[in-house]
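Colleague: Supplied structure: coords.txt, compact mmCIF, C-alpha atoms.
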```txt
# COMPACT_ATOMS: atom_id res chain seq x y z
CA MET A 613 112.02 87.40 42.15
CA GLU A 614 110.15 85.20 44.63
CA ILE A 615 107.67 86.58 47.15
CA VAL A 616 106.80 84.32 50.09
CA LEU A 617 103.43 85.32 51.50
CA GLN A 618 103.51 82.98 54.47
CA ASP A 619 105.44 79.97 55.76
CA PRO A 620 103.57 76.78 54.75
CA SER A 621 103.93 75.38 58.28
CA ILE A 622 101.42 78.00 59.46
CA ALA A 623 98.81 76.64 57.04
CA TRP A 624 99.55 73.10 58.25
CA SER A 625 99.08 74.14 61.87
CA LYS A 626 95.75 75.78 61.01
CA PHE A 627 94.71 72.60 59.19
CA SER A 628 95.63 70.56 62.27
CA ASN A 629 93.01 72.59 64.17
CA PHE A 630 90.40 71.34 61.69
CA VAL A 631 91.64 67.79 62.27
CA TRP A 632 91.27 68.12 66.04
CA PHE A 633 87.77 69.58 65.66
CA SER A 634 86.92 66.62 63.43
CA VAL A 635 88.10 64.16 66.05
CA LEU A 636 86.10 66.00 68.69
CA ALA A 637 83.04 65.95 66.41
CA ILE A 638 83.35 62.17 66.02
CA ILE A 639 83.55 61.65 69.78
CA LEU A 640 80.67 63.99 70.58
CA SER A 641 78.36 62.68 67.86
CA TYR A 642 79.05 59.06 68.84
CA THR A 643 78.32 59.89 72.48
CA VAL A 644 75.02 61.59 71.56
CA ILE A 645 73.99 58.70 69.30
CA ARG A 646 74.88 56.19 72.02
CA ILE A 647 72.91 58.05 74.70
CA ASP A 648 69.92 58.48 72.39
CA ALA A 649 69.91 54.76 71.51
CA TYR A 650 70.19 53.80 75.19
CA ARG A 651 67.34 56.15 76.11
CA LYS A 652 65.08 54.76 73.37
CA MET A 653 66.22 51.15 74.00
CA LYS A 654 67.29 50.74 70.38
CA LYS A 655 70.06 48.59 68.98
CA LEU A 656 72.81 50.54 67.20
CA LYS A 657 73.64 49.61 63.62
CA ALA A 658 77.18 50.16 62.40
CA LYS A 659 76.13 51.75 59.09
CA ILE A 660 73.91 54.33 60.78
CA VAL A 661 76.54 55.18 63.38
CA MET A 662 79.25 55.61 60.73
CA LEU A 663 77.04 57.81 58.56
CA LYS A 664 75.94 60.03 61.42
CA CYS A 665 79.40 60.25 62.99
CA GLY A 666 81.23 60.80 59.71
CA PHE A 667 79.29 63.64 58.10
CA LEU A 668 80.45 66.59 60.21
CA PRO A 669 84.12 65.49 60.44
CA LEU A 670 84.32 65.04 56.68
CA LEU A 671 82.77 68.45 56.18
CA LEU A 672 85.32 70.01 58.56
CA LEU A 673 88.24 68.27 56.85
CA TYR A 674 87.04 69.39 53.42
CA ALA A 675 86.70 72.97 54.65
CA GLY A 676 90.18 72.82 56.19
CA TYR A 677 91.68 71.46 52.99
CA THR A 678 90.10 74.08 50.75
CA GLU A 679 90.80 76.98 53.12
CA GLN A 680 94.35 76.09 54.18
CA LEU A 681 96.08 73.45 52.06
CA ASN A 682 94.76 74.01 48.54
CA ARG A 683 96.29 77.49 48.35
CA PHE A 684 99.59 78.89 47.17
CA TYR A 685 102.03 80.38 49.67
CA ALA A 686 104.69 81.85 47.37
CA LEU A 687 104.89 83.30 43.90
CA ALA A 688 107.82 83.95 41.62
CA ILE A 689 107.91 86.06 38.50
CA ASN A 690 110.43 84.85 35.94
CA ASP A 691 112.31 87.12 33.55
CA ASN A 692 110.08 86.07 30.64
CA GLY A 693 106.92 87.08 32.58
CA VAL A 694 105.78 83.59 33.58
CA LEU A 695 104.29 83.43 37.06
CA THR A 696 105.12 80.42 39.25
CA LEU A 697 102.82 79.61 42.19
CA ARG A 698 104.05 77.27 44.95
CA TYR A 699 101.32 75.36 46.79
CA VAL A 700 101.14 74.19 50.41
CA PHE A 701 99.90 70.69 49.56
CA PRO A 702 101.09 68.46 48.03
CA LYS A 703 104.61 69.50 48.87
CA GLY A 704 106.48 70.61 45.79
CA LYS A 705 103.38 71.38 43.72
CA HIS A 706 103.79 74.44 41.55
CA ILE A 707 101.88 75.94 38.64
CA TRP A 708 103.18 78.09 35.79
CA ILE A 709 100.87 80.77 34.40
CA GLU A 710 101.56 82.98 31.39
CA ASP A 711 98.39 85.09 31.13
CA TYR A 712 97.26 86.39 34.51
CA ARG A 713 96.07 89.32 36.58
CA ALA A 714 96.05 89.80 40.35
CA ARG A 715 93.74 91.25 42.94
CA VAL A 716 93.80 91.53 46.73
CA SER A 717 90.80 90.43 48.78
CA ARG A 718 90.40 91.38 52.42
CA ASP A 719 88.90 89.52 55.36
CA GLY A 720 89.10 91.79 58.36
CA ALA A 721 92.76 92.52 59.08
CA ARG A 722 93.93 89.66 56.86
CA CYS A 723 94.29 89.60 53.10
CA SER A 724 94.80 87.07 50.34
CA LEU A 725 96.04 87.35 46.80
CA ASN A 726 93.78 86.16 43.97
CA ILE A 727 95.31 85.30 40.61
CA PHE A 728 92.90 85.14 37.68
CA SER A 729 93.91 83.13 34.62
CA ASP A 730 91.69 81.75 31.84
CA GLY A 731 88.51 82.06 33.91
CA GLU A 732 90.09 80.29 36.88
CA ARG A 733 90.73 81.89 40.28
CA LEU A 734 93.75 80.77 42.28
CA LYS A 735 93.83 81.91 45.92
CA SER A 736 96.74 82.39 48.27
CA VAL A 737 96.89 81.67 51.97
CA MET A 738 95.53 84.39 54.25
CA VAL A 739 98.24 86.82 55.33
CA VAL A 740 98.13 89.19 58.29
CA ASN A 741 100.71 91.58 56.83
CA THR A 742 98.83 93.52 54.13
CA ASN A 743 102.06 95.11 52.88
CA ILE A 744 103.13 91.74 51.50
CA CYS A 745 99.86 91.49 49.58
CA ARG A 746 100.31 94.96 48.11
CA GLU A 747 103.93 94.21 47.21
CA ALA A 748 102.88 90.99 45.45
CA VAL A 749 100.15 92.76 43.46
CA GLN A 750 102.54 95.51 42.41
CA ALA A 751 105.11 92.91 41.33
CA VAL A 752 102.52 91.00 39.29
CA GLU A 753 101.15 94.17 37.66
CA SER A 754 104.61 95.48 36.78
CA SER A 755 105.69 92.29 35.04
```
What's the structure tokens form of this structure?
Modeller:
Amino acid sequence: MEIVLQDPSIAWSKFSNFVWFSVLAIILSYTVIRIDAYRKMKKLKAKIVMLKCGFLPLLLLYAGYTEQLNRFYALAINDNGVLTLRYVFPKGKHIWIEDYRARVSRDGARCSLNIFSDGERLKSVMVVNTNICREAVQAVESS
């Protein structure tokens, strides 16, 4: 039985927001650096500009990856009790887990499913429909 928590295209569209904010951060930080250098009559060095313009966008892209793409969007429980988690990125990535337990975590009106296995925590995408989270936890606990 497979339970799809959310369509992976939703996670990709949320990640694209992080990409656009990163592009905006590059443009704004370059503009500020350029104005500051002009005001102080300094010559711009490429290394300094790249370091200052690249920090915030890389931070935003990392946050977007960990919060949206490095999460599973569907789980399937096989007849022999093995849990299969399907990930958003890279496409086609899936993990099999034999020894596991599940828990729901809430963030306002949204929820996510946490699977614990061998000291590792695997998180699902955030879902608005909490009934799907409860159904997934019940399916995992009953297997």
Colleague: Find the nearest atom pair between each residue of segment 617-668 of chain A and segment 730-742 of chain A for residues within 9 Å, count only C-alpha atoms, give distances in Å to one decimal, sort rows by chain and ascending number, and present the table as a tab-separated table.
Modeller:
```
residue	atom	partner	partner_atom	distance
A:Leu617	CA	A:Val739	CA	6.6
A:Gln618	CA	A:Val739	CA	6.6
A:Pro620	CA	A:Val737	CA	8.7
A:Ala623	CA	A:Val737	CA	7.4
```
Colleague: What lies within 10 Å of Asn690 of chain A using all atoms listed in the file, ignoring chain neighbours under 2 positions off, as a compact mmCIF listing (two decimals) with C-alpha atoms, in the coordinates of the input?
Modeller:
```txt
# COMPACT_ATOMS: atom_id res chain seq x y z
CA MET A 613 112.02 87.40 42.15
CA GLU A 614 110.15 85.20 44.63
CA LEU A 687 104.89 83.30 43.90
CA ALA A 688 107.82 83.95 41.62
CA ASN A 692 110.08 86.07 30.64
CA GLY A 693 106.92 87.08 32.58
CA VAL A 694 105.78 83.59 33.58
CA LEU A 695 104.29 83.43 37.06
CA THR A 696 105.12 80.42 39.25
CA TRP A 708 103.18 78.09 35.79
CA SER A 755 105.69 92.29 35.04
```
Colleague: Work out how far apart atom CA of Glu710 of chain A and atom CA of Trp624 of chain A are and give it in Å to one decimal.
Modeller: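 Computing the Euclidean distance for atom CA of Glu710 of chain A and atom CA of Trp624 of chain A yields 28.7 Å.
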Colleague: Can you tell me how far atom CA of Ile660 of chain A sits from atom CA of Tyr642 of chain A, in Å to one decimal?
Modeller: 10.7 Å
Colleague: Would you compute the distance between atom CA of Arg651 of chain A and atom CA of Leu672 of chain A? Give it in Å to one decimal.
Modeller: 28.7 Å
Colleague: Using all atoms listed in the file, which residue out of A:Tyr650, A:Tyr677, A:Phe667, A:Phe701 lies closest to Ser628 of chain A?
Modeller: A:Tyr677
Colleague: Mind giving me the axis-aligned box for segment 739-748 of chain A with 5 Å on every side, centre plus edges in Å to one decimal, as JSON?
Modeller:
```
{"center_x": 101.0, "center_y": 91.0, "center_z": 51.9, "size_x": 15.8, "size_y": 18.3, "size_z": 22.8}
```
Colleague: Near Val716 of chain A, within 8 Å and counting all atoms listed in the file, which residues show up once chain neighbours fewer than 3 positions away are dropped, as a PyMOL selection string?
Modeller: chain A and resi 723-726+745-746+749
Colleague: With all atoms listed in the file as the atoms that count, which of A:Val644, A:Ala748, A:Val635, A:Ala686 lies nearest to Leu668 of chain A?
Modeller: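 Among the listed residues, A:Val635 lies closest to Leu668 of chain A.
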Colleague: Can you tell me, as a list in words, which residues sit within 8 Å of (92.5, 89.7, 38.4) in the file's frame, using all atoms listed in the file?
Modeller: Tyr712, Arg713, Ala714, Arg715, Asn726, Ile727, Phe728 and Ser729 of chain A
Colleague: Residues of the last selection are to be written out with C-alpha atoms, as a short mmCIF file (atom, residue, chain, number, x, y, z; two decimals), keeping the file's coordinate frame.
Modeller:
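The resulting file, again08.cif, is shown below:
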```cif
data_model
loop_
_atom_site.label_atom_id
_atom_site.label_comp_id
_atom_site.auth_asym_id
_atom_site.auth_seq_id
_atom_site.Cartn_x
_atom_site.Cartn_y
_atom_site.Cartn_z
CA TYR A 712 97.26 86.39 34.51
CA ARG A 713 96.07 89.32 36.58
CA ALA A 714 96.05 89.80 40.35
CA ARG A 715 93.74 91.25 42.94
CA ASN A 726 93.78 86.16 43.97
CA ILE A 727 95.31 85.30 40.61
CA PHE A 728 92.90 85.14 37.68
CA SER A 729 93.91 83.13 34.62
#
```
Colleague: Counting all atoms listed in the file, which residue out of A:Ile645, A:Ile744, A:Met653, A:Leu681 sits closest to Phe627 of chain A?
Modeller: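 Of all the options, A:Leu681 lies closest to Phe627 of chain A.
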Colleague: Taking only C-alpha atoms into account, which of A:Ile709, A:Asp691, A:Leu656, A:Leu673 comes nearest Trp632 of chain A?
Modeller: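 For Trp632 of chain A, the nearest of the candidates is A:Leu673.
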Colleague: Using all atoms listed in the file, which of A:Arg698, A:His706, A:Arg646, A:Lys626 sits nearest Cys665 of chain A?
Modeller: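 Checking each of A:Arg698, A:His706, A:Arg646, A:Lys626 against Cys665 of chain A, counting all atoms listed in the file, the winner is A:Arg646.
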Colleague: Go through A:Pro702, A:Asn682, A:Gly676, A:Ser717 one by one, measure the shortest atom-to-atom distance of each to Ser625 of chain A using only C-alpha atoms, and give the residue with the smallest value.
Modeller: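 Checking each of A:Pro702, A:Asn682, A:Gly676, A:Ser717 against Ser625 of chain A, counting only C-alpha atoms, the winner is A:Gly676.
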